[in-house]
file start-v8.cif (mmCIF, C-alpha atoms and all ligand atoms)
data_my_file
loop_
_atom_site.label_atom_id
_atom_site.label_comp_id
_atom_site.auth_asym_id
_atom_site.auth_seq_id
_atom_site.Cartn_x
_atom_site.Cartn_y
_atom_site.Cartn_z
CA MET A 7 -2.13 -0.16 -30.60
CA GLY A 8 -2.47 -2.79 -33.25
CA LYS A 9 -2.03 -5.41 -30.56
CA ASN A 10 -4.51 -8.20 -30.10
CA TYR A 11 -5.61 -9.23 -26.64
CA VAL A 12 -7.03 -12.55 -25.54
CA PHE A 13 -8.82 -13.52 -22.35
CA GLY A 14 -6.95 -15.38 -19.67
CA ASP A 15 -8.65 -17.77 -17.22
CA VAL A 16 -11.10 -16.73 -14.55
CA MET A 17 -8.81 -15.29 -11.89
CA ILE A 18 -11.37 -14.74 -9.13
CA GLY A 19 -14.80 -16.33 -9.41
CA LYS A 20 -18.19 -14.86 -8.53
CA GLU A 21 -18.58 -16.72 -5.21
CA GLU A 22 -15.07 -15.90 -4.08
CA ILE A 23 -15.68 -12.19 -4.76
CA GLN A 24 -19.01 -12.28 -2.88
CA LYS A 25 -17.40 -13.95 0.12
CA ARG A 26 -14.53 -11.46 0.29
CA VAL A 27 -16.79 -8.42 -0.20
CA SER A 28 -18.96 -9.65 2.66
CA GLU A 29 -15.87 -10.04 4.90
CA LEU A 30 -14.74 -6.50 4.01
CA GLY A 31 -18.21 -5.16 4.82
CA LYS A 32 -18.11 -6.81 8.24
CA GLU A 33 -14.63 -5.49 8.97
CA ILE A 34 -15.62 -1.94 7.95
CA SER A 35 -18.84 -2.14 10.00
CA ARG A 36 -16.81 -3.16 13.05
CA ASP A 37 -14.27 -0.35 12.56
CA TYR A 38 -16.93 2.37 12.20
CA LYS A 39 -19.37 0.98 14.79
CA ASP A 40 -21.73 3.69 16.16
CA ASP A 41 -20.29 6.15 13.63
CA SER A 42 -21.02 7.09 10.02
CA ILE A 43 -19.25 6.84 6.65
CA VAL A 44 -19.22 8.74 3.39
CA ALA A 45 -18.16 6.13 0.85
CA ILE A 46 -16.67 7.70 -2.26
CA CYS A 47 -16.96 5.71 -5.43
CA VAL A 48 -14.24 6.37 -7.96
CA LEU A 49 -16.02 6.06 -11.31
CA LYS A 50 -16.43 4.00 -13.26
CA GLY A 51 -14.44 0.95 -12.22
CA ALA A 52 -15.57 0.85 -8.58
CA VAL A 53 -19.31 1.01 -9.34
CA ILE A 54 -19.99 -2.72 -9.10
CA PHE A 55 -17.75 -3.19 -6.06
CA ILE A 56 -19.22 -0.30 -4.05
CA SER A 57 -22.78 -1.44 -4.85
CA ASP A 58 -22.09 -4.85 -3.35
CA LEU A 59 -19.90 -3.52 -0.54
CA ILE A 60 -22.31 -0.96 0.94
CA ARG A 61 -25.00 -3.63 1.19
CA GLU A 62 -22.66 -5.53 3.53
CA ILE A 63 -22.09 -2.47 5.75
CA ASN A 64 -24.48 -1.97 8.64
CA VAL A 65 -23.49 1.50 9.87
CA ASP A 66 -24.91 4.85 8.68
CA THR A 67 -23.51 5.17 5.13
CA LYS A 68 -23.83 7.81 2.42
CA ILE A 69 -22.31 7.50 -1.02
CA ASP A 70 -20.91 10.09 -3.38
CA PHE A 71 -19.11 9.85 -6.70
CA MET A 72 -15.94 11.17 -8.28
CA ALA A 73 -14.63 10.64 -11.76
CA VAL A 74 -10.97 10.89 -12.65
CA SER A 75 -9.25 10.35 -15.96
CA SER A 76 -8.21 6.78 -16.71
CA TYR A 77 -6.17 4.87 -19.23
CA GLY A 78 -8.56 4.92 -22.18
CA ALA A 79 -7.91 2.35 -24.85
CA THR A 80 -4.39 1.40 -23.85
CA THR A 81 -3.14 -0.48 -20.83
CA GLN A 82 -0.43 2.08 -20.02
CA SER A 83 -0.68 4.59 -17.17
CA THR A 84 0.18 8.15 -18.10
CA GLY A 85 0.42 9.24 -14.47
CA VAL A 86 -1.77 12.22 -15.28
CA VAL A 87 -4.84 12.56 -13.04
CA ARG A 88 -7.67 14.86 -14.02
CA ILE A 89 -10.84 15.41 -12.00
CA LEU A 90 -13.71 14.88 -14.42
CA LYS A 91 -16.45 14.94 -11.79
CA ASP A 92 -16.15 16.26 -8.25
CA LEU A 93 -18.15 15.33 -5.13
CA ASP A 94 -21.68 16.67 -4.70
CA SER A 95 -21.39 16.84 -0.92
CA ASP A 96 -19.24 18.57 1.67
CA ILE A 97 -17.01 16.03 3.44
CA GLU A 98 -15.65 18.29 6.18
CA GLY A 99 -15.86 16.44 9.50
CA GLU A 100 -16.95 13.16 7.84
CA ASN A 101 -15.37 9.71 7.93
CA VAL A 102 -14.42 9.34 4.29
CA LEU A 103 -13.84 5.93 2.76
CA ILE A 104 -12.45 6.01 -0.78
CA VAL A 105 -13.62 2.92 -2.65
CA GLU A 106 -11.40 1.95 -5.57
CA ASP A 107 -11.44 -0.92 -8.03
CA ILE A 108 -7.67 -1.42 -8.24
CA ILE A 109 -4.43 0.17 -7.11
CA ASP A 110 -1.75 -0.16 -9.72
CA THR A 111 0.98 2.52 -9.66
CA GLY A 112 -0.95 4.28 -6.88
CA LEU A 113 -0.67 7.65 -8.64
CA THR A 114 -4.43 8.16 -8.92
CA LEU A 115 -5.04 7.37 -5.28
CA LYS A 116 -2.17 9.44 -3.97
CA TYR A 117 -3.56 12.44 -5.81
CA LEU A 118 -7.14 11.77 -4.69
CA LYS A 119 -6.12 11.29 -1.09
CA GLU A 120 -4.35 14.63 -0.92
CA TYR A 121 -7.18 16.33 -2.79
CA LEU A 122 -9.78 15.02 -0.31
CA LEU A 123 -7.66 15.60 2.80
CA ALA A 124 -7.58 19.31 1.89
CA ARG A 125 -11.35 19.33 2.60
CA LYS A 126 -10.73 18.39 6.23
CA PRO A 127 -12.59 15.12 6.71
CA LYS A 128 -12.64 13.67 10.24
CA SER A 129 -10.84 10.60 8.88
CA LEU A 130 -9.88 9.18 5.51
CA LYS A 131 -9.38 5.53 4.66
CA ILE A 132 -9.00 3.59 1.45
CA CYS A 133 -10.74 0.39 0.42
CA THR A 134 -9.68 -1.31 -2.80
CA LEU A 135 -10.99 -4.49 -4.33
CA LEU A 136 -7.65 -5.32 -5.97
CA ASP A 137 -4.07 -4.41 -5.23
CA LYS A 138 -1.12 -4.87 -7.61
CA PRO A 139 1.77 -3.95 -5.24
CA GLU A 140 4.43 -4.95 -7.78
CA ARG A 141 3.60 -1.90 -9.91
CA ARG A 142 3.51 0.67 -7.10
CA THR A 143 5.49 3.87 -7.67
CA ALA A 144 3.53 6.27 -5.42
CA ASP A 145 3.71 5.98 -1.65
CA VAL A 146 0.13 4.99 -0.89
CA LYS A 147 -1.44 2.07 0.98
CA ALA A 148 -5.00 0.82 1.24
CA ASP A 149 -6.58 0.17 4.65
CA TYR A 150 -8.85 -2.56 3.24
CA VAL A 151 -7.76 -4.82 0.38
CA GLY A 152 -9.99 -7.41 -1.25
CA PHE A 153 -7.33 -9.36 -3.12
CA THR A 154 -3.62 -8.84 -3.67
CA ILE A 155 -2.85 -9.94 -7.22
CA GLU A 156 0.03 -10.32 -9.63
CA ASN A 157 0.72 -7.85 -12.39
CA LYS A 158 -1.88 -8.60 -15.05
CA PHE A 159 -4.35 -6.38 -16.90
CA ILE A 160 -7.62 -7.09 -15.14
CA VAL A 161 -11.12 -6.95 -16.59
CA GLY A 162 -14.54 -7.79 -15.16
CA TYR A 163 -16.57 -6.90 -12.05
CA GLY A 164 -16.42 -3.21 -12.96
CA LEU A 165 -13.00 -3.15 -14.62
CA ASP A 166 -12.89 -2.43 -18.32
CA PHE A 167 -10.85 -2.62 -21.44
CA ASP A 168 -11.90 0.32 -23.61
CA GLU A 169 -15.21 0.48 -21.65
CA ARG A 170 -16.07 -3.17 -22.24
CA TYR A 171 -16.25 -6.21 -19.92
CA ARG A 172 -17.33 -4.24 -16.83
CA ASN A 173 -20.41 -6.47 -16.67
CA LEU A 174 -18.53 -9.76 -16.25
CA PRO A 175 -19.56 -11.21 -12.84
CA TYR A 176 -16.04 -12.56 -12.27
CA ILE A 177 -12.49 -11.19 -12.50
CA SER A 178 -10.38 -12.18 -15.48
CA TYR A 179 -7.41 -10.70 -17.32
CA LEU A 180 -6.25 -9.90 -20.83
CA GLU A 181 -3.01 -11.05 -22.37
CA GLU A 182 -1.27 -9.98 -25.54
CA GLU A 183 -1.73 -12.58 -28.23
P1 LIG B 201 -2.98 3.78 -10.78
O1 LIG B 201 -3.08 5.27 -10.70
O2 LIG B 201 -2.95 3.13 -9.41
O3 LIG B 201 -1.86 3.33 -11.64
O4 LIG B 201 -4.25 3.26 -11.55
C1 LIG B 201 -5.52 3.39 -11.05
C2 LIG B 201 -6.58 3.20 -12.10
O5 LIG B 201 -6.10 2.64 -13.31
C3 LIG B 201 -7.62 2.22 -11.59
O6 LIG B 201 -8.60 2.86 -10.81
C4 LIG B 201 -8.16 1.64 -12.88
O7 LIG B 201 -9.18 2.47 -13.39
C5 LIG B 201 -6.97 1.66 -13.81
N1 LIG B 201 -6.29 0.35 -13.81
C6 LIG B 201 -5.13 0.02 -13.20
N2 LIG B 201 -4.83 -1.28 -13.39
C7 LIG B 201 -5.84 -1.78 -14.14
C8 LIG B 201 -6.12 -3.09 -14.66
O8 LIG B 201 -5.40 -4.08 -14.47
N3 LIG B 201 -7.28 -3.23 -15.38
C9 LIG B 201 -8.13 -2.18 -15.62
N4 LIG B 201 -9.22 -2.43 -16.32
N5 LIG B 201 -7.88 -0.93 -15.15
C10 LIG B 201 -6.77 -0.75 -14.41
#
call {"tool": "encode", "arguments": {"input": "start-v8.cif", "output": "structure tokens", "more": "lines below"}}
Ligand code: 5GP
result
Amino acid sequence: MGKNYVFGDVMIGKEEIQKRVSELGKEISRDYKDDSIVAICVLKGAVIFISDLIREINVDTKIDFMAVSSYGATTQSTGVVRILKDLDSDIEGENVLIVEDIIDTGLTLKYLKEYLLARKPKSLKICTLLDKPERRTADVKADYVGFTIENKFIVGYGLDFDERYRNLPYISYLEEE
């Protein structure tokens, strides 16, 4: 606290995001051809991404939402995952696709994956818009990755700092002043 943050450059522009999301949608559609998906949006960061992504998927798709605790007003991970909102639907026998905004340490996703696997889905895959592999401490890997990025604190296109900047149409980052 007491630190000041300034915006870095645009890291990934609007068009580049659109292009990559469309590619991911095509890849997912191919992989689940003639089948169905339950796409799980991890609130709130993945809201923008999943909205664009599912419109690029042309197989039978349902969406559901989960909320887990996040960092709050600091940029440090506590490693503590709390379920704030659970799924509305039963995923037993479904092809579950977890849609995440970013994988950092991987702790959130590792927990979520195990939590959802206990409900016996037919399959479970992970799609993340951003991946920061440098920071990984948990043993977890995404099946679909939008962009692999360096270790910066990202904002925009759904990602926040203290709930702000989610509405930026591009991906940027914050730096300590
Ligand atoms: P992990 O458990 O992998 O360390 O962190 C996962 C969650 O932390 C993400 O879903 C996201 O909400 C938050 N997070 C991780 N890195 C960043 C970042 O660079 N920017 C923002 N805004 N949130 C992040």
call {"tool": "residues_near_ligand", "arguments": {"input": "start-v8.cif", "ligand": "ligand LIG 201 (chain B)", "cutoff": "9 Å", "atoms": "all atoms listed in the file", "output": "PyMOL selection string"}}
result
chain A and resi 48-52+74-77+81-87+106-117+136-138+141-144+157-162+164-169+171-172+179-180
call {"tool": "write_last_selection", "arguments": {"input": "start-v8.cif", "atoms": "C-alpha atoms", "output": "CSV table (one decimal), keeping the file's coordinate frame"}}
result
chain,number,residue,atom,x,y,z
A,48,VAL,CA,-14.2,6.4,-8.0
A,49,LEU,CA,-16.0,6.1,-11.3
A,50,LYS,CA,-16.4,4.0,-13.3
A,51,GLY,CA,-14.4,1.0,-12.2
A,52,ALA,CA,-15.6,0.8,-8.6
A,74,VAL,CA,-11.0,10.9,-12.6
A,75,SER,CA,-9.2,10.4,-16.0
A,76,SER,CA,-8.2,6.8,-16.7
A,77,TYR,CA,-6.2,4.9,-19.2
A,81,THR,CA,-3.1,-0.5,-20.8
A,82,GLN,CA,-0.4,2.1,-20.0
A,83,SER,CA,-0.7,4.6,-17.2
A,84,THR,CA,0.2,8.2,-18.1
A,85,GLY,CA,0.4,9.2,-14.5
A,86,VAL,CA,-1.8,12.2,-15.3
A,87,VAL,CA,-4.8,12.6,-13.0
A,106,GLU,CA,-11.4,2.0,-5.6
A,107,ASP,CA,-11.4,-0.9,-8.0
A,108,ILE,CA,-7.7,-1.4,-8.2
A,109,ILE,CA,-4.4,0.2,-7.1
A,110,ASP,CA,-1.8,-0.2,-9.7
A,111,THR,CA,1.0,2.5,-9.7
A,112,GLY,CA,-1.0,4.3,-6.9
A,113,LEU,CA,-0.7,7.6,-8.6
A,114,THR,CA,-4.4,8.2,-8.9
A,115,LEU,CA,-5.0,7.4,-5.3
A,116,LYS,CA,-2.2,9.4,-4.0
A,117,TYR,CA,-3.6,12.4,-5.8
A,136,LEU,CA,-7.6,-5.3,-6.0
A,137,ASP,CA,-4.1,-4.4,-5.2
A,138,LYS,CA,-1.1,-4.9,-7.6
A,141,ARG,CA,3.6,-1.9,-9.9
A,142,ARG,CA,3.5,0.7,-7.1
A,143,THR,CA,5.5,3.9,-7.7
A,144,ALA,CA,3.5,6.3,-5.4
A,157,ASN,CA,0.7,-7.8,-12.4
A,158,LYS,CA,-1.9,-8.6,-15.0
A,159,PHE,CA,-4.4,-6.4,-16.9
A,160,ILE,CA,-7.6,-7.1,-15.1
A,161,VAL,CA,-11.1,-7.0,-16.6
A,162,GLY,CA,-14.5,-7.8,-15.2
A,164,GLY,CA,-16.4,-3.2,-13.0
A,165,LEU,CA,-13.0,-3.2,-14.6
A,166,ASP,CA,-12.9,-2.4,-18.3
A,167,PHE,CA,-10.8,-2.6,-21.4
A,168,ASP,CA,-11.9,0.3,-23.6
A,169,GLU,CA,-15.2,0.5,-21.6
A,171,TYR,CA,-16.2,-6.2,-19.9
A,172,ARG,CA,-17.3,-4.2,-16.8
A,179,TYR,CA,-7.4,-10.7,-17.3
A,180,LEU,CA,-6.2,-9.9,-20.8
call {"tool": "atom_distance", "arguments": {"input": "start-v8.cif", "atom1": "CA of Arg61 (chain A)", "atom2": "CA of Glu33 (chain A)"}}
result
13.1 Å
call {"tool": "closest_atom_pairs", "arguments": {"input": "start-v8.cif", "of": "region 118-154 of chain A", "to": "region 35-42 of chain A", "cutoff": "12 Å", "atoms": "only C-alpha atoms", "output": "Markdown table"}}
result
| residue | atom | partner | partner_atom | distance |
| --- | --- | --- | --- | --- |
| A:Lys128 | CA | A:Ser42 | CA | 10.7 |
| A:Ser129 | CA | A:Tyr38 | CA | 10.8 |
| A:Leu130 | CA | A:Tyr38 | CA | 11.9 |
| A:Lys131 | CA | A:Asp37 | CA | 11.0 |
| A:Asp149 | CA | A:Asp37 | CA | 11.0 |
| A:Tyr150 | CA | A:Asp37 | CA | 11.0 |
call {"tool": "atom_distance", "arguments": {"input": "start-v8.cif", "atom1": "CA of Glu29 (chain A)", "atom2": "CA of Ala45 (chain A)"}}
result
16.8 Å
call {"tool": "residues_around", "arguments": {"input": "start-v8.cif", "residues": "Asp94 (chain A)", "least_positions_apart": "2", "cutoff": "8 Å", "atoms": "all atoms listed in the file", "output": "NGL selection string"}}
result
:A and (70-71 or 92 or 96)
call {"tool": "residues_around", "arguments": {"input": "start-v8.cif", "residues": "Ile18 (chain A)", "least_positions_apart": "6", "cutoff": "12 Å", "atoms": "all atoms listed in the file", "output": "number ranges by chain"}}
result
A: 24-26, 135-136, 152-155, 160-163, 174-179
call {"tool": "write_last_selection", "arguments": {"input": "start-v8.cif", "atoms": "C-alpha atoms", "output": "PDB file, keeping the file's coordinate frame"}}
result
ATOM      1  CA  GLN A  24     -19.010 -12.280  -2.880  1.00  0.00           C
ATOM      2  CA  LYS A  25     -17.400 -13.950   0.120  1.00  0.00           C
ATOM      3  CA  ARG A  26     -14.530 -11.460   0.290  1.00  0.00           C
ATOM      4  CA  LEU A 135     -10.990  -4.490  -4.330  1.00  0.00           C
ATOM      5  CA  LEU A 136      -7.650  -5.320  -5.970  1.00  0.00           C
ATOM      6  CA  GLY A 152      -9.990  -7.410  -1.250  1.00  0.00           C
ATOM      7  CA  PHE A 153      -7.330  -9.360  -3.120  1.00  0.00           C
ATOM      8  CA  THR A 154      -3.620  -8.840  -3.670  1.00  0.00           C
ATOM      9  CA  ILE A 155      -2.850  -9.940  -7.220  1.00  0.00           C
ATOM     10  CA  ILE A 160      -7.620  -7.090 -15.140  1.00  0.00           C
ATOM     11  CA  VAL A 161     -11.120  -6.950 -16.590  1.00  0.00           C
ATOM     12  CA  GLY A 162     -14.540  -7.790 -15.160  1.00  0.00           C
ATOM     13  CA  TYR A 163     -16.570  -6.900 -12.050  1.00  0.00           C
ATOM     14  CA  LEU A 174     -18.530  -9.760 -16.250  1.00  0.00           C
ATOM     15  CA  PRO A 175     -19.560 -11.210 -12.840  1.00  0.00           C
ATOM     16  CA  TYR A 176     -16.040 -12.560 -12.270  1.00  0.00           C
ATOM     17  CA  ILE A 177     -12.490 -11.190 -12.500  1.00  0.00           C
ATOM     18  CA  SER A 178     -10.380 -12.180 -15.480  1.00  0.00           C
ATOM     19  CA  TYR A 179      -7.410 -10.700 -17.320  1.00  0.00           C
TER      20      TYR A 179
END
call {"tool": "build_atoms", "arguments": {"input": "start-v8.cif", "residues": "region 119-137 of chain A", "atoms": "N, CA, C and O atoms", "output": "PDB file, keeping the file's coordinate frame"}}
result
ATOM      1  N   LYS A 119      -6.235  11.237  -2.542  1.00  0.00           N
ATOM      2  CA  LYS A 119      -6.120  11.290  -1.090  1.00  0.00           C
ATOM      3  C   LYS A 119      -5.761  12.708  -0.641  1.00  0.00           C
ATOM      4  O   LYS A 119      -6.416  13.278   0.234  1.00  0.00           O
ATOM      5  N   GLU A 120      -4.762  13.269  -1.274  1.00  0.00           N
ATOM      6  CA  GLU A 120      -4.350  14.630  -0.920  1.00  0.00           C
ATOM      7  C   GLU A 120      -5.445  15.656  -1.231  1.00  0.00           C
ATOM      8  O   GLU A 120      -5.710  16.564  -0.450  1.00  0.00           O
ATOM      9  N   TYR A 121      -6.097  15.453  -2.352  1.00  0.00           N
ATOM     10  CA  TYR A 121      -7.180  16.330  -2.790  1.00  0.00           C
ATOM     11  C   TYR A 121      -8.322  16.329  -1.765  1.00  0.00           C
ATOM     12  O   TYR A 121      -8.864  17.367  -1.405  1.00  0.00           O
ATOM     13  N   LEU A 122      -8.669  15.139  -1.267  1.00  0.00           N
ATOM     14  CA  LEU A 122      -9.780  15.020  -0.310  1.00  0.00           C
ATOM     15  C   LEU A 122      -9.370  15.441   1.104  1.00  0.00           C
ATOM     16  O   LEU A 122     -10.174  16.009   1.838  1.00  0.00           O
ATOM     17  N   LEU A 123      -8.136  15.200   1.471  1.00  0.00           N
ATOM     18  CA  LEU A 123      -7.660  15.600   2.800  1.00  0.00           C
ATOM     19  C   LEU A 123      -7.712  17.127   2.970  1.00  0.00           C
ATOM     20  O   LEU A 123      -7.942  17.633   4.067  1.00  0.00           O
ATOM     21  N   ALA A 124      -7.536  17.841   1.861  1.00  0.00           N
ATOM     22  CA  ALA A 124      -7.580  19.310   1.890  1.00  0.00           C
ATOM     23  C   ALA A 124      -8.972  19.814   2.299  1.00  0.00           C
ATOM     24  O   ALA A 124      -9.130  20.961   2.703  1.00  0.00           O
ATOM     25  N   ARG A 125      -9.979  18.934   2.207  1.00  0.00           N
ATOM     26  CA  ARG A 125     -11.350  19.330   2.600  1.00  0.00           C
ATOM     27  C   ARG A 125     -11.668  19.006   4.054  1.00  0.00           C
ATOM     28  O   ARG A 125     -12.822  19.022   4.459  1.00  0.00           O
ATOM     29  N   LYS A 126     -10.632  18.621   4.786  1.00  0.00           N
ATOM     30  CA  LYS A 126     -10.730  18.390   6.230  1.00  0.00           C
ATOM     31  C   LYS A 126     -11.774  17.373   6.683  1.00  0.00           C
ATOM     32  O   LYS A 126     -12.628  17.665   7.530  1.00  0.00           O
ATOM     33  N   PRO A 127     -11.710  16.155   6.159  1.00  0.00           N
ATOM     34  CA  PRO A 127     -12.590  15.120   6.710  1.00  0.00           C
ATOM     35  C   PRO A 127     -12.138  14.745   8.121  1.00  0.00           C
ATOM     36  O   PRO A 127     -10.990  15.042   8.483  1.00  0.00           O
ATOM     37  N   LYS A 128     -13.021  14.110   8.889  1.00  0.00           N
ATOM     38  CA  LYS A 128     -12.640  13.670  10.240  1.00  0.00           C
ATOM     39  C   LYS A 128     -11.587  12.558  10.113  1.00  0.00           C
ATOM     40  O   LYS A 128     -10.626  12.489  10.871  1.00  0.00           O
ATOM     41  N   SER A 129     -11.816  11.660   9.154  1.00  0.00           N
ATOM     42  CA  SER A 129     -10.840  10.600   8.880  1.00  0.00           C
ATOM     43  C   SER A 129     -10.923  10.263   7.398  1.00  0.00           C
ATOM     44  O   SER A 129     -11.911  10.581   6.736  1.00  0.00           O
ATOM     45  N   LEU A 130      -9.873   9.614   6.911  1.00  0.00           N
ATOM     46  CA  LEU A 130      -9.880   9.180   5.510  1.00  0.00           C
ATOM     47  C   LEU A 130      -9.201   7.822   5.390  1.00  0.00           C
ATOM     48  O   LEU A 130      -8.055   7.653   5.812  1.00  0.00           O
ATOM     49  N   LYS A 131      -9.955   6.855   4.887  1.00  0.00           N
ATOM     50  CA  LYS A 131      -9.380   5.530   4.660  1.00  0.00           C
ATOM     51  C   LYS A 131      -9.645   5.100   3.225  1.00  0.00           C
ATOM     52  O   LYS A 131     -10.490   5.679   2.542  1.00  0.00           O
ATOM     53  N   ILE A 132      -8.911   4.071   2.823  1.00  0.00           N
ATOM     54  CA  ILE A 132      -9.000   3.590   1.450  1.00  0.00           C
ATOM     55  C   ILE A 132      -9.377   2.113   1.434  1.00  0.00           C
ATOM     56  O   ILE A 132      -8.786   1.316   2.173  1.00  0.00           O
ATOM     57  N   CYS A 133     -10.364   1.785   0.615  1.00  0.00           N
ATOM     58  CA  CYS A 133     -10.740   0.390   0.420  1.00  0.00           C
ATOM     59  C   CYS A 133     -10.608   0.076  -1.056  1.00  0.00           C
ATOM     60  O   CYS A 133     -11.221   0.732  -1.888  1.00  0.00           O
ATOM     61  N   THR A 134      -9.817  -0.921  -1.394  1.00  0.00           N
ATOM     62  CA  THR A 134      -9.680  -1.310  -2.800  1.00  0.00           C
ATOM     63  C   THR A 134     -10.008  -2.784  -2.969  1.00  0.00           C
ATOM     64  O   THR A 134      -9.673  -3.603  -2.114  1.00  0.00           O
ATOM     65  N   LEU A 135     -10.676  -3.086  -4.049  1.00  0.00           N
ATOM     66  CA  LEU A 135     -10.990  -4.490  -4.330  1.00  0.00           C
ATOM     67  C   LEU A 135      -9.704  -5.248  -4.651  1.00  0.00           C
ATOM     68  O   LEU A 135      -9.465  -6.332  -4.143  1.00  0.00           O
ATOM     69  N   LEU A 136      -8.876  -4.647  -5.511  1.00  0.00           N
ATOM     70  CA  LEU A 136      -7.650  -5.320  -5.970  1.00  0.00           C
ATOM     71  C   LEU A 136      -6.426  -4.457  -5.719  1.00  0.00           C
ATOM     72  O   LEU A 136      -6.498  -3.231  -5.812  1.00  0.00           O
ATOM     73  N   ASP A 137      -5.335  -5.113  -5.444  1.00  0.00           N
ATOM     74  CA  ASP A 137      -4.070  -4.410  -5.230  1.00  0.00           C
ATOM     75  C   ASP A 137      -2.972  -5.121  -6.015  1.00  0.00           C
ATOM     76  O   ASP A 137      -2.810  -6.331  -5.924  1.00  0.00           O
TER      77      ASP A 137
END
